[in-house]
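Undergrad: I am sharing entry_32.txt, which consists of compact mmCIF, C-alpha atoms:
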# COMPACT_ATOMS: atom_id res chain seq x y z
CA MET A 110 -58.31 -43.43 -54.32
CA LYS A 111 -59.94 -44.97 -57.42
CA ALA A 112 -56.80 -44.23 -59.41
CA VAL A 113 -54.69 -46.01 -56.77
CA ILE A 114 -57.07 -48.97 -56.79
CA CYS A 115 -56.90 -49.20 -60.57
CA LEU A 116 -53.12 -49.18 -60.45
CA LEU A 117 -52.89 -51.73 -57.65
CA PHE A 118 -55.82 -53.93 -58.68
CA PRO A 119 -53.71 -56.29 -60.82
CA ILE A 120 -51.27 -56.68 -57.91
CA LEU A 121 -54.12 -57.61 -55.58
CA ILE A 122 -55.43 -60.06 -58.12
CA PHE A 123 -52.04 -61.70 -58.49
CA ALA A 124 -51.56 -61.84 -54.70
CA GLN A 125 -54.68 -64.01 -54.30
CA ASN A 126 -55.80 -66.82 -56.60
CA PRO A 127 -54.71 -64.89 -59.69
CA PHE A 128 -56.87 -66.53 -62.38
CA PRO A 129 -59.93 -68.35 -60.95
CA ASP A 130 -61.97 -68.18 -64.19
CA THR A 131 -61.57 -70.02 -67.51
CA LEU A 132 -62.02 -68.60 -71.03
CA LEU A 133 -62.22 -70.99 -74.02
CA LEU A 134 -62.07 -69.41 -77.49
CA THR A 135 -63.66 -70.81 -80.62
CA ASP A 136 -60.25 -71.67 -82.06
CA GLY A 137 -59.59 -74.00 -79.15
CA ARG A 138 -57.27 -71.82 -77.07
CA THR A 139 -57.89 -71.79 -73.33
CA TYR A 140 -56.99 -68.92 -70.94
CA PRO A 141 -57.01 -69.08 -67.13
CA CYS A 142 -58.14 -65.54 -66.33
CA LEU A 143 -60.14 -63.22 -64.12
CA VAL A 144 -63.24 -61.78 -65.76
CA THR A 145 -63.57 -58.15 -64.72
CA ASN A 146 -66.55 -57.11 -66.87
CA ILE A 147 -69.15 -58.91 -68.99
CA ASP A 148 -72.21 -57.89 -71.04
CA ASP A 149 -74.25 -58.97 -74.06
CA SER A 150 -71.51 -58.40 -76.61
CA LYS A 151 -68.09 -58.74 -74.97
CA LEU A 152 -66.13 -59.46 -71.86
CA GLU A 153 -63.01 -57.97 -70.28
CA PHE A 154 -60.47 -60.05 -68.42
CA VAL A 155 -56.98 -60.18 -66.88
CA TYR A 156 -54.68 -63.08 -67.72
CA ALA A 157 -50.99 -64.08 -67.78
CA ASN A 158 -48.56 -61.46 -66.40
CA ASN A 159 -51.59 -59.37 -65.34
CA LYS A 160 -52.35 -58.28 -68.88
CA SER A 161 -55.76 -56.69 -69.42
CA GLU A 162 -57.65 -57.68 -72.56
CA SER A 163 -61.16 -57.80 -74.04
CA VAL A 164 -62.85 -60.14 -76.50
CA ILE A 165 -66.23 -60.19 -78.29
CA LEU A 166 -68.56 -62.99 -77.30
CA LYS A 167 -68.74 -64.27 -80.89
CA ALA A 168 -65.10 -65.41 -80.50
CA VAL A 169 -65.80 -67.16 -77.20
CA ASP A 170 -66.75 -70.83 -77.03
CA GLN A 171 -67.22 -71.04 -73.23
CA VAL A 172 -66.87 -68.91 -70.07
CA THR A 173 -66.56 -70.47 -66.62
CA LEU A 174 -66.65 -68.24 -63.51
CA GLU A 175 -65.43 -69.27 -60.10
CA GLY A 176 -68.42 -69.96 -57.88
CA LEU A 177 -70.95 -70.02 -60.74
CA GLY A 178 -69.55 -72.62 -63.10
CA SER A 179 -70.23 -72.34 -66.86
CA VAL A 180 -72.18 -69.14 -67.51
CA TYR A 181 -71.81 -68.96 -71.32
CA ASN A 182 -71.22 -71.25 -74.27
CA SER A 183 -71.39 -70.61 -78.00
CA SER A 184 -74.20 -73.08 -78.70
CA LYS A 185 -76.68 -71.97 -75.99
CA GLY A 186 -75.48 -68.48 -75.10
CA TYR A 187 -75.83 -67.48 -71.43
CA THR A 188 -76.87 -70.34 -69.20
CA MET A 189 -78.39 -67.83 -66.72
CA GLU A 190 -79.65 -64.29 -66.92
CA VAL A 191 -77.06 -61.82 -68.15
CA GLN A 192 -77.88 -59.37 -65.38
CA GLN A 193 -77.19 -62.03 -62.77
CA VAL A 194 -73.75 -62.68 -64.28
CA GLU A 195 -73.00 -58.96 -64.50
CA ASP A 196 -74.02 -58.44 -60.85
CA PHE A 197 -71.80 -61.35 -59.76
CA VAL A 198 -68.75 -59.89 -61.54
CA GLU A 199 -69.42 -56.39 -60.18
CA ASP A 200 -69.87 -57.68 -56.62
CA ARG A 201 -66.66 -59.67 -56.89
CA ASN A 202 -64.75 -56.65 -58.18
CA ARG A 203 -66.17 -54.49 -55.39
CA GLY A 204 -65.16 -57.04 -52.76
CA ARG A 205 -61.62 -57.20 -54.09
CA GLU A 206 -61.41 -53.41 -54.18
CA GLU A 207 -62.54 -53.20 -50.54
CA GLU A 208 -60.01 -55.84 -49.59
CA LEU A 209 -57.31 -53.84 -51.32
CA ILE A 210 -58.32 -50.71 -49.37
CA VAL A 211 -58.12 -52.65 -46.09
CA LYS A 212 -54.68 -53.98 -46.98
CA GLU A 213 -53.50 -50.49 -47.92
CA GLU A 214 -54.69 -49.14 -44.57
CA ILE A 215 -53.00 -51.94 -42.62
CA ALA A 216 -49.79 -51.38 -44.57
CA ARG A 217 -49.96 -47.63 -43.84
CA LEU A 218 -50.43 -48.16 -40.09
CA SER A 219 -47.66 -50.75 -40.04
CA ALA A 220 -45.33 -48.30 -41.78
CA LEU A 221 -46.19 -45.59 -39.21
CA GLU A 222 -45.55 -48.00 -36.34
CA ASN A 223 -42.20 -49.02 -37.78
CA TYR A 224 -41.32 -45.35 -38.21
CA ASP A 225 -42.24 -44.57 -34.58
CA GLN A 226 -40.17 -47.49 -33.34
CA THR A 227 -37.26 -46.43 -35.50
CA GLU A 228 -37.58 -42.86 -34.28
CA THR A 229 -37.72 -44.00 -30.61
CA THR A 230 -34.68 -46.20 -31.08
CA THR A 231 -32.87 -43.39 -32.87
CA ASN A 232 -33.71 -40.92 -30.08
CA ALA A 233 -32.52 -43.45 -27.50
CA LEU A 234 -29.24 -43.93 -29.33
CA ILE A 235 -28.83 -40.16 -29.65
CA THR A 236 -29.45 -39.81 -25.90
CA LYS A 237 -26.93 -42.52 -25.07
CA LYS A 238 -24.39 -41.01 -27.50
CA THR A 239 -24.89 -37.55 -25.98
CA LEU A 240 -24.37 -38.95 -22.49
CA GLU A 241 -21.16 -40.58 -23.60
CA ASN A 242 -19.89 -37.16 -24.63
CA ARG A 243 -20.77 -35.55 -21.27
CA ASN A 244 -17.79 -36.31 -19.09
CA TRP A 245 -19.09 -35.05 -15.74
CA SER A 246 -22.08 -36.09 -13.68
CA PHE A 247 -23.42 -35.37 -10.21
CA GLY A 248 -25.72 -37.79 -8.42
CA ILE A 249 -27.73 -37.79 -5.20
CA LEU A 250 -28.39 -41.22 -3.74
CA TYR A 251 -31.10 -41.88 -1.15
CA VAL A 252 -30.16 -44.81 1.11
CA PRO A 253 -33.38 -45.92 2.83
CA TYR A 254 -31.74 -48.56 5.01
CA TYR A 255 -28.34 -47.95 6.60
CA SER A 256 -26.92 -50.57 8.93
CA GLY A 257 -23.64 -48.99 9.92
CA ILE A 258 -22.15 -49.86 13.31
CA LYS A 259 -21.12 -47.16 15.75
CA TYR A 260 -19.12 -47.37 18.99
CA GLY A 261 -19.30 -45.76 22.41
CA ILE A 262 -17.88 -46.11 25.97
CA ASP A 263 -19.94 -47.24 28.94
CA TYR A 264 -18.59 -45.89 32.25
CA SER A 265 -19.19 -47.51 35.63
CA TYR A 266 -20.27 -45.60 38.74
CA ASP A 267 -17.23 -47.14 40.42
CA PRO A 268 -14.14 -45.36 39.09
CA TYR A 269 -12.03 -48.39 39.98
CA SER A 270 -14.05 -50.56 37.57
CA ARG A 271 -12.97 -50.70 33.94
CA PRO A 272 -15.13 -48.77 31.44
CA THR A 273 -16.39 -50.99 28.61
CA THR A 274 -16.62 -50.48 24.87
CA TYR A 275 -20.03 -51.08 23.30
CA SER A 276 -21.42 -50.93 19.78
CA PHE A 277 -24.83 -49.98 18.44
CA THR A 278 -26.53 -49.89 15.07
CA ASP A 279 -28.59 -47.03 13.69
CA PHE A 280 -31.40 -47.96 11.31
CA GLU A 281 -31.78 -44.68 9.55
CA THR A 282 -32.05 -43.08 6.15
CA ASN A 283 -29.05 -41.39 4.63
CA LEU A 284 -28.11 -39.25 1.63
CA GLU A 285 -24.96 -39.65 -0.43
CA GLY A 286 -23.56 -37.43 -3.15
CA GLN A 287 -21.44 -38.65 -6.04
CA ILE A 288 -19.33 -36.85 -8.64
CA SER A 289 -18.14 -38.93 -11.58
CA TYR A 290 -15.92 -38.39 -14.60
CA GLY A 291 -15.98 -40.48 -17.75
CA ILE A 292 -12.55 -41.75 -18.75
CA VAL A 293 -14.02 -43.64 -21.72
CA SER A 294 -17.63 -44.23 -22.77
CA ASP A 295 -18.12 -47.28 -20.53
CA LEU A 296 -15.86 -46.44 -17.57
CA ARG A 297 -16.26 -43.65 -15.02
CA VAL A 298 -14.29 -42.78 -11.89
CA THR A 299 -16.37 -41.69 -8.92
CA LEU A 300 -16.03 -39.76 -5.68
CA ASP A 301 -18.75 -40.35 -3.06
CA ALA A 302 -19.34 -38.23 0.03
CA ALA A 303 -21.83 -38.75 2.87
CA TYR A 304 -22.51 -37.06 6.19
CA SER A 305 -24.38 -38.31 9.25
CA SER A 306 -24.51 -37.47 12.93
CA SER A 307 -25.94 -38.89 16.12
CA PHE A 308 -26.28 -37.61 19.66
CA SER A 309 -27.24 -39.59 22.75
CA GLU A 310 -27.64 -38.53 26.36
CA ARG A 311 -28.37 -40.81 29.29
CA ARG A 312 -29.23 -39.25 32.65
CA TYR A 313 -29.78 -41.37 35.75
CA GLU A 314 -30.85 -40.12 39.19
CA ARG A 315 -31.53 -41.91 42.50
CA HIS A 316 -32.90 -40.16 45.60
CA VAL A 317 -33.35 -41.79 49.02
CA THR A 318 -35.01 -40.04 52.01
CA GLY A 319 -35.75 -41.41 55.49
CA ASN A 320 -33.25 -42.42 58.14
CA TYR A 321 -30.63 -41.11 55.79
CA VAL A 322 -30.47 -39.05 52.64
CA ASP A 323 -28.79 -40.38 49.54
CA ASP A 324 -28.76 -38.53 46.25
CA TYR A 325 -26.93 -40.07 43.35
CA GLY A 326 -26.93 -39.57 39.60
CA THR A 327 -24.91 -39.81 36.41
CA LEU A 328 -24.97 -38.00 33.07
CA LYS A 329 -23.47 -39.69 30.01
CA THR A 330 -23.32 -38.06 26.59
CA LEU A 331 -22.01 -39.18 23.19
CA ASP A 332 -21.88 -36.88 20.18
CA LEU A 333 -20.74 -38.37 16.84
CA LYS A 334 -20.37 -36.62 13.51
CA LEU A 335 -19.33 -38.79 10.56
CA ILE A 336 -18.04 -37.84 7.11
CA ASP A 337 -17.43 -40.63 4.61
CA PHE A 338 -15.42 -40.49 1.36
CA THR A 339 -15.13 -43.22 -1.26
CA MET A 340 -13.11 -43.35 -4.47
CA GLY A 341 -14.38 -45.86 -6.99
CA VAL A 342 -15.11 -46.90 -10.56
CA LYS A 343 -18.29 -47.75 -12.47
CA TYR A 344 -18.29 -49.96 -15.55
CA TYR A 345 -21.35 -49.87 -17.82
CA PHE A 346 -22.51 -52.84 -19.85
CA LYS A 347 -23.90 -51.62 -23.19
CA ASP A 348 -27.55 -52.18 -24.14
CA VAL A 349 -28.04 -55.25 -21.98
CA ILE A 350 -31.74 -54.53 -21.37
CA THR A 351 -32.96 -51.73 -23.67
CA GLU A 352 -31.50 -48.68 -25.36
CA MET A 353 -32.62 -46.45 -22.45
CA VAL A 354 -31.37 -48.67 -19.61
CA SER A 355 -27.83 -49.66 -18.71
CA ILE A 356 -26.58 -51.85 -15.92
CA TYR A 357 -23.21 -51.33 -14.31
CA ALA A 358 -20.79 -52.88 -11.88
CA LEU A 359 -19.03 -50.76 -9.26
CA ALA A 360 -16.17 -51.00 -6.82
CA GLY A 361 -14.75 -48.52 -4.36
CA PHE A 362 -12.33 -47.93 -1.50
CA GLY A 363 -12.76 -45.28 1.17
CA LYS A 364 -12.57 -44.09 4.74
CA GLN A 365 -14.96 -42.61 7.24
CA PHE A 366 -13.83 -39.74 9.48
CA ALA A 367 -15.41 -39.34 12.91
CA PHE A 368 -15.54 -36.34 15.23
CA ALA A 369 -16.52 -37.51 18.72
CA LYS A 370 -17.32 -36.00 22.10
CA SER A 371 -17.80 -38.30 25.09
CA ASN A 372 -18.54 -37.17 28.62
CA TYR A 373 -19.30 -38.88 31.93
CA GLU A 374 -20.36 -36.90 34.97
CA GLU A 375 -21.45 -37.96 38.47
CA LEU A 376 -24.20 -35.81 39.98
CA PHE A 377 -24.96 -34.77 43.61
CA LEU A 378 -21.55 -35.83 44.92
CA PRO A 379 -19.03 -33.77 46.88
CA GLU A 380 -15.69 -33.13 45.29
CA PRO A 381 -14.18 -36.63 44.78
CA GLY A 382 -10.78 -37.46 46.09
CA TYR A 383 -9.52 -38.57 42.71
CA THR A 384 -9.24 -37.48 39.10
CA VAL A 385 -9.70 -39.47 35.91
CA GLN A 386 -7.82 -38.96 32.67
CA ASP A 387 -8.56 -40.85 29.45
CA ASN A 388 -8.45 -40.52 25.68
CA ALA A 389 -12.14 -41.33 25.17
CA ALA A 390 -12.72 -38.85 22.34
CA GLU A 391 -9.65 -39.98 20.37
CA TYR A 392 -10.49 -43.64 21.00
CA LEU A 393 -14.07 -43.25 19.75
CA GLU A 394 -12.90 -41.34 16.70
CA ASP A 395 -10.57 -44.23 15.83
CA LEU A 396 -13.34 -46.84 16.24
CA ASN A 397 -15.79 -44.80 14.19
CA SER A 398 -13.35 -44.05 11.37
CA PRO A 399 -13.13 -47.37 9.50
CA PHE A 400 -11.47 -48.11 6.22
CA HIS A 401 -13.92 -49.82 3.88
CA PHE A 402 -14.11 -51.54 0.51
CA ASN A 403 -17.29 -52.15 -1.47
CA LEU A 404 -18.49 -54.11 -4.51
CA GLY A 405 -21.89 -53.90 -6.13
CA PHE A 406 -24.01 -53.42 -9.18
CA GLY A 407 -26.83 -51.15 -10.30
CA ALA A 408 -29.08 -49.98 -13.11
CA GLU A 409 -29.54 -46.58 -14.72
CA TYR A 410 -32.58 -45.37 -16.68
CA TYR A 411 -32.06 -42.33 -18.94
CA PHE A 412 -34.90 -39.79 -19.08
CA ASN A 413 -32.95 -37.59 -21.51
CA GLU A 414 -29.39 -36.49 -22.23
CA SER A 415 -29.11 -34.66 -18.87
CA LEU A 416 -31.01 -36.71 -16.31
CA SER A 417 -31.17 -40.36 -15.27
CA LEU A 418 -32.59 -42.49 -12.47
CA ILE A 419 -30.06 -44.71 -10.69
CA SER A 420 -30.35 -47.58 -8.24
CA ASN A 421 -27.74 -49.90 -6.80
CA ILE A 422 -26.89 -52.44 -4.15
CA ARG A 423 -23.48 -52.56 -2.48
CA ILE A 424 -21.74 -55.04 -0.20
CA LEU A 425 -19.39 -53.13 2.09
CA TYR A 426 -16.55 -54.57 4.17
CA SER A 427 -15.04 -52.35 6.88
CA THR A 428 -12.36 -52.72 9.56
CA VAL A 429 -11.46 -50.54 12.57
CA SER A 430 -9.09 -50.59 15.55
CA GLY A 431 -8.32 -48.34 18.48
CA LYS A 432 -6.53 -48.16 21.86
CA TYR A 433 -8.17 -46.81 25.00
CA ASP A 434 -5.99 -45.42 27.82
CA TYR A 435 -7.45 -44.78 31.29
CA LYS A 436 -5.68 -43.25 34.31
CA LEU A 437 -7.06 -42.76 37.83
CA ILE A 438 -5.10 -40.53 40.22
CA SER A 439 -5.92 -40.36 43.94
CA GLU A 440 -4.17 -39.19 47.08
CA PHE A 441 -2.93 -42.72 47.74
CA GLU A 442 -2.30 -44.27 44.33
CA THR A 443 -2.29 -43.99 40.55
CA GLN A 444 -3.81 -46.63 38.30
CA THR A 445 -3.34 -46.93 34.56
CA ARG A 446 -5.20 -49.26 32.21
CA SER A 447 -5.30 -49.76 28.48
CA GLU A 448 -7.55 -51.65 26.12
CA GLU A 449 -7.11 -52.40 22.43
CA TYR A 450 -10.19 -53.06 20.33
CA SER A 451 -10.53 -54.13 16.70
CA SER A 452 -13.50 -55.19 14.61
CA SER A 453 -14.54 -55.93 11.05
CA ASP A 454 -18.05 -55.88 9.59
CA VAL A 455 -19.88 -56.66 6.37
CA ILE A 456 -23.04 -54.66 5.63
CA THR A 457 -25.38 -54.17 2.70
CA ARG A 458 -26.58 -50.83 1.37
CA PHE A 459 -29.39 -50.16 -1.09
CA GLY A 460 -29.67 -46.84 -2.88
CA LEU A 461 -32.02 -44.96 -5.21
CA GLY A 462 -31.42 -41.51 -6.68
CA LEU A 463 -30.97 -39.10 -9.57
CA ASN A 464 -27.91 -38.44 -11.71
CA PHE A 465 -27.30 -35.16 -13.59
CA TYR A 466 -24.93 -35.09 -16.58
CA PHE A 467 -23.09 -31.96 -17.71
Would you mind writing the structure in this file as structure tokens?
TA:
Amino acid sequence: MKAVICLLFPILIFAQNPFPDTLLLTDGRTYPCLVTNIDDSKLEFVYANNKSESVILKAVDQVTLEGLGSVYNSSKGYTMEVQQVEDFVEDRNRGREEELIVKEEIARLSALENYDQTETTTNALITKKTLENRNWSFGILYVPYYSGIKYGIDYSYDPYSRPTTYSFTDFETNLEGQISYGIVSDLRVTLDAAYSSSFSERRYERHVTGNYVDDYGTLKTLDLKLIDFTMGVKYYFKDVITEMVSIYALAGFGKQFAFAKSNYEELFLPEPGYTVQDNAAEYLEDLNSPFHFNLGFGAEYYFNESLSLISNIRILYSTVSGKYDYKLISEFETQTRSEEYSSSDVITRFGLGLNFYF
């Protein structure tokens, strides 16, 4: 360490007030300098261009030290005790050496920090570059809030009354899977698939006893299984936030396919004198199989070259239509009815999940 200090000492001197002392020779020449050592017979100093030199006191007319003033002149000699001057110079040298050590340590830590930052940035760029070269990915998206609309048929106890179409909304969680393929580094095509199902059963009974007995009841069931497919694209914006995070815009077009079972049954009644025919299952499948289009955006955080965390928000527009046919046949007459229904909806979906690159 002493060798390093000796080598760097002139640099430290020059970096501060380089020459705070003054040396006046007997021939009249004056040198701004830094006195580094002094005794009874000579002094050592650093002057212009950080040159080190020494001179005997007999050739010196006057020596002025920063903080002490004139400490030596040729006519009187030392104006204070020599030991006091020597201690001052040694203390000053020691202080400058300690300051140099502190600066060296700060510079070393700063260099390490810059290296770590450079290494982190380099690793991030390597990760992003590796991901760009992995064409395929598979993601699982958790949708904590799903506001899709579903449709059913509400039958009346009176067969001559028209059944009505109703809609309901399920607030439920859902899982979606996505396979994507990178066409270029910033653009990927995607295929999303999701599955959900719901089952409802409503049973009503009424029993009257007394002067007469009346037992009546109905059983209504609706079973819906839904499979949704979406083809889309994702466009990534490069390094908008940090090297490890990308944001992207997305768009997609798809269709949901429904498999429905609908049943209405009257309980405790003798064999009715009529029969009912309808296309309830087909009608409900049409209403629950919308075409849809979505736009959105999201963010992706890369853990490494194989795994990332994704989140997005999508605005989805859907439209459906269907035709319901109803026929009642009795001993005396036949009635036919039809109803056409169409609807369009706009919903919002939020998603959070993991994406695996391979």
Undergrad: Between A:Val298, A:Leu393, A:Asp434, A:Asp200, which has the minimum distance to Tyr275 in chain A (counting all atoms listed in the file)?
TA: A:Leu393
Undergrad: Between A:Leu437, A:Ala216, A:Met340, A:Val293, single out the one closest to Asp387 in chain A, counting all atoms listed in the file.
TA: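 Distance minimum relative to Asp387 in chain A lands on A:Leu437.
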Undergrad: Leaving out Gly407 in chain A and any residue of its chain fewer than 3 positions from it, which residues lie within 6 Å of it when counting all atoms listed in the file, given as a list in words?
TA: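 Here the answer would be Ile356, Tyr357, Ser420 and Asn421 of chain A.
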Undergrad: Rank nothing, just name the residue among A:Glu314, A:Asp196, A:Asp130, A:Glu442 nearest to Gly178 in chain A, using all atoms listed in the file.
TA: A:Asp130
Undergrad: What's around Thr299 in chain A at 10 Å? Count all atoms listed in the file, leave out sequence neighbours fewer than 5 positions away in its own chain, and write the answer as a list in words.
TA: Trp245, Ser246, Phe247, Gln287, Ile288, Ser289, Tyr290, Gly291, Thr339, Met340, Gly341, Val342, Lys343, Leu359, Ala360 and Gly361 of chain A
Undergrad: Which of these, A:Phe377, A:Leu209, A:Pro127, A:Leu152, has the shortest distance to Glu175 in chain A once you count all atoms listed in the file?
TA: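 Once distances to Glu175 in chain A are computed over all atoms listed in the file, the minimum belongs to A:Pro127.
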Undergrad: Which residues, written as a PyMOL selection string, have at least one atom at most 10 Å from Phe197 in chain A, with only C-alpha atoms counted and residues fewer than 4 positions away on the same chain left out?
TA: chain A and resi 146-147+174+176-177+191-193+201-203
Undergrad: Would you work out the distance separating CA of Thr384 in chain A from CA of Ser309 in chain A, expressed in Å to one decimal?
TA: 24.4 Å
Undergrad: Which residue out of A:His401, A:Lys329, A:Arg312, A:Lys334 has the minimum interatomic distance to Ser371 in chain A when only C-alpha atoms are used?
TA: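 Looking at the shortest contact to Ser371 in chain A, the residue is A:Lys329.
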Undergrad: Which residue out of A:Leu250, A:Glu195, A:Arg138, A:Ser219 has the minimum interatomic distance to Glu153 in chain A when only C-alpha atoms are used?
TA: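 Looking at the shortest contact to Glu153 in chain A, the residue is A:Glu195.
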Undergrad: How many Å separate CA of Asn283 in chain A from CA of Tyr373 in chain A?
TA: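 The value is 29.1 Å.
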Undergrad: Name the residues, using the chain letters and numbers of the file, that sit within 6 Å of (-29.1, -44.0, -14.2) when counting all atoms listed in the file, and give them as a PDB file with C-alpha atoms, keeping the file's coordinate frame.
TA:
ATOM      1  CA  GLU A 409     -29.540 -46.580 -14.720  1.00  0.00           C
ATOM      2  CA  TYR A 410     -32.580 -45.370 -16.680  1.00  0.00           C
ATOM      3  CA  TYR A 411     -32.060 -42.330 -18.940  1.00  0.00           C
ATOM      4  CA  SER A 417     -31.170 -40.360 -15.270  1.00  0.00           C
ATOM      5  CA  LEU A 418     -32.590 -42.490 -12.470  1.00  0.00           C
ATOM      6  CA  ILE A 419     -30.060 -44.710 -10.690  1.00  0.00           C
TER       7      ILE A 419
END
Undergrad: What does the distance between CA of Asn372 in chain A and CA of Leu328 in chain A come to in Å, to one decimal place?
TA: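 Computing it gives 7.9 Å between the two atoms.
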Undergrad: Could you list, as a VMD selection string, every residue within 8 Å of Val180 in chain A, counting only C-alpha atoms and ignoring same-chain residues fewer than 3 positions away?
TA: chain A and resid 171 to 174 177 187 to 189 194
Undergrad: Any idea what's packed within 12 Å of Glu448 in chain A, counting all atoms listed in the file, ignoring anything in its chain fewer than 3 positions away? Could you give it as a compact mmCIF listing (two decimals) with C-alpha atoms, in the coordinates of the input?
TA:
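Generated file (selection16.txt):
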# COMPACT_ATOMS: atom_id res chain seq x y z
CA ILE A 262 -17.88 -46.11 25.97
CA ARG A 271 -12.97 -50.70 33.94
CA PRO A 272 -15.13 -48.77 31.44
CA THR A 273 -16.39 -50.99 28.61
CA THR A 274 -16.62 -50.48 24.87
CA ASP A 387 -8.56 -40.85 29.45
CA ASN A 388 -8.45 -40.52 25.68
CA ALA A 389 -12.14 -41.33 25.17
CA TYR A 392 -10.49 -43.64 21.00
CA SER A 430 -9.09 -50.59 15.55
CA GLY A 431 -8.32 -48.34 18.48
CA LYS A 432 -6.53 -48.16 21.86
CA TYR A 433 -8.17 -46.81 25.00
CA ASP A 434 -5.99 -45.42 27.82
CA TYR A 435 -7.45 -44.78 31.29
CA LYS A 436 -5.68 -43.25 34.31
CA THR A 445 -3.34 -46.93 34.56
CA SER A 451 -10.53 -54.13 16.70
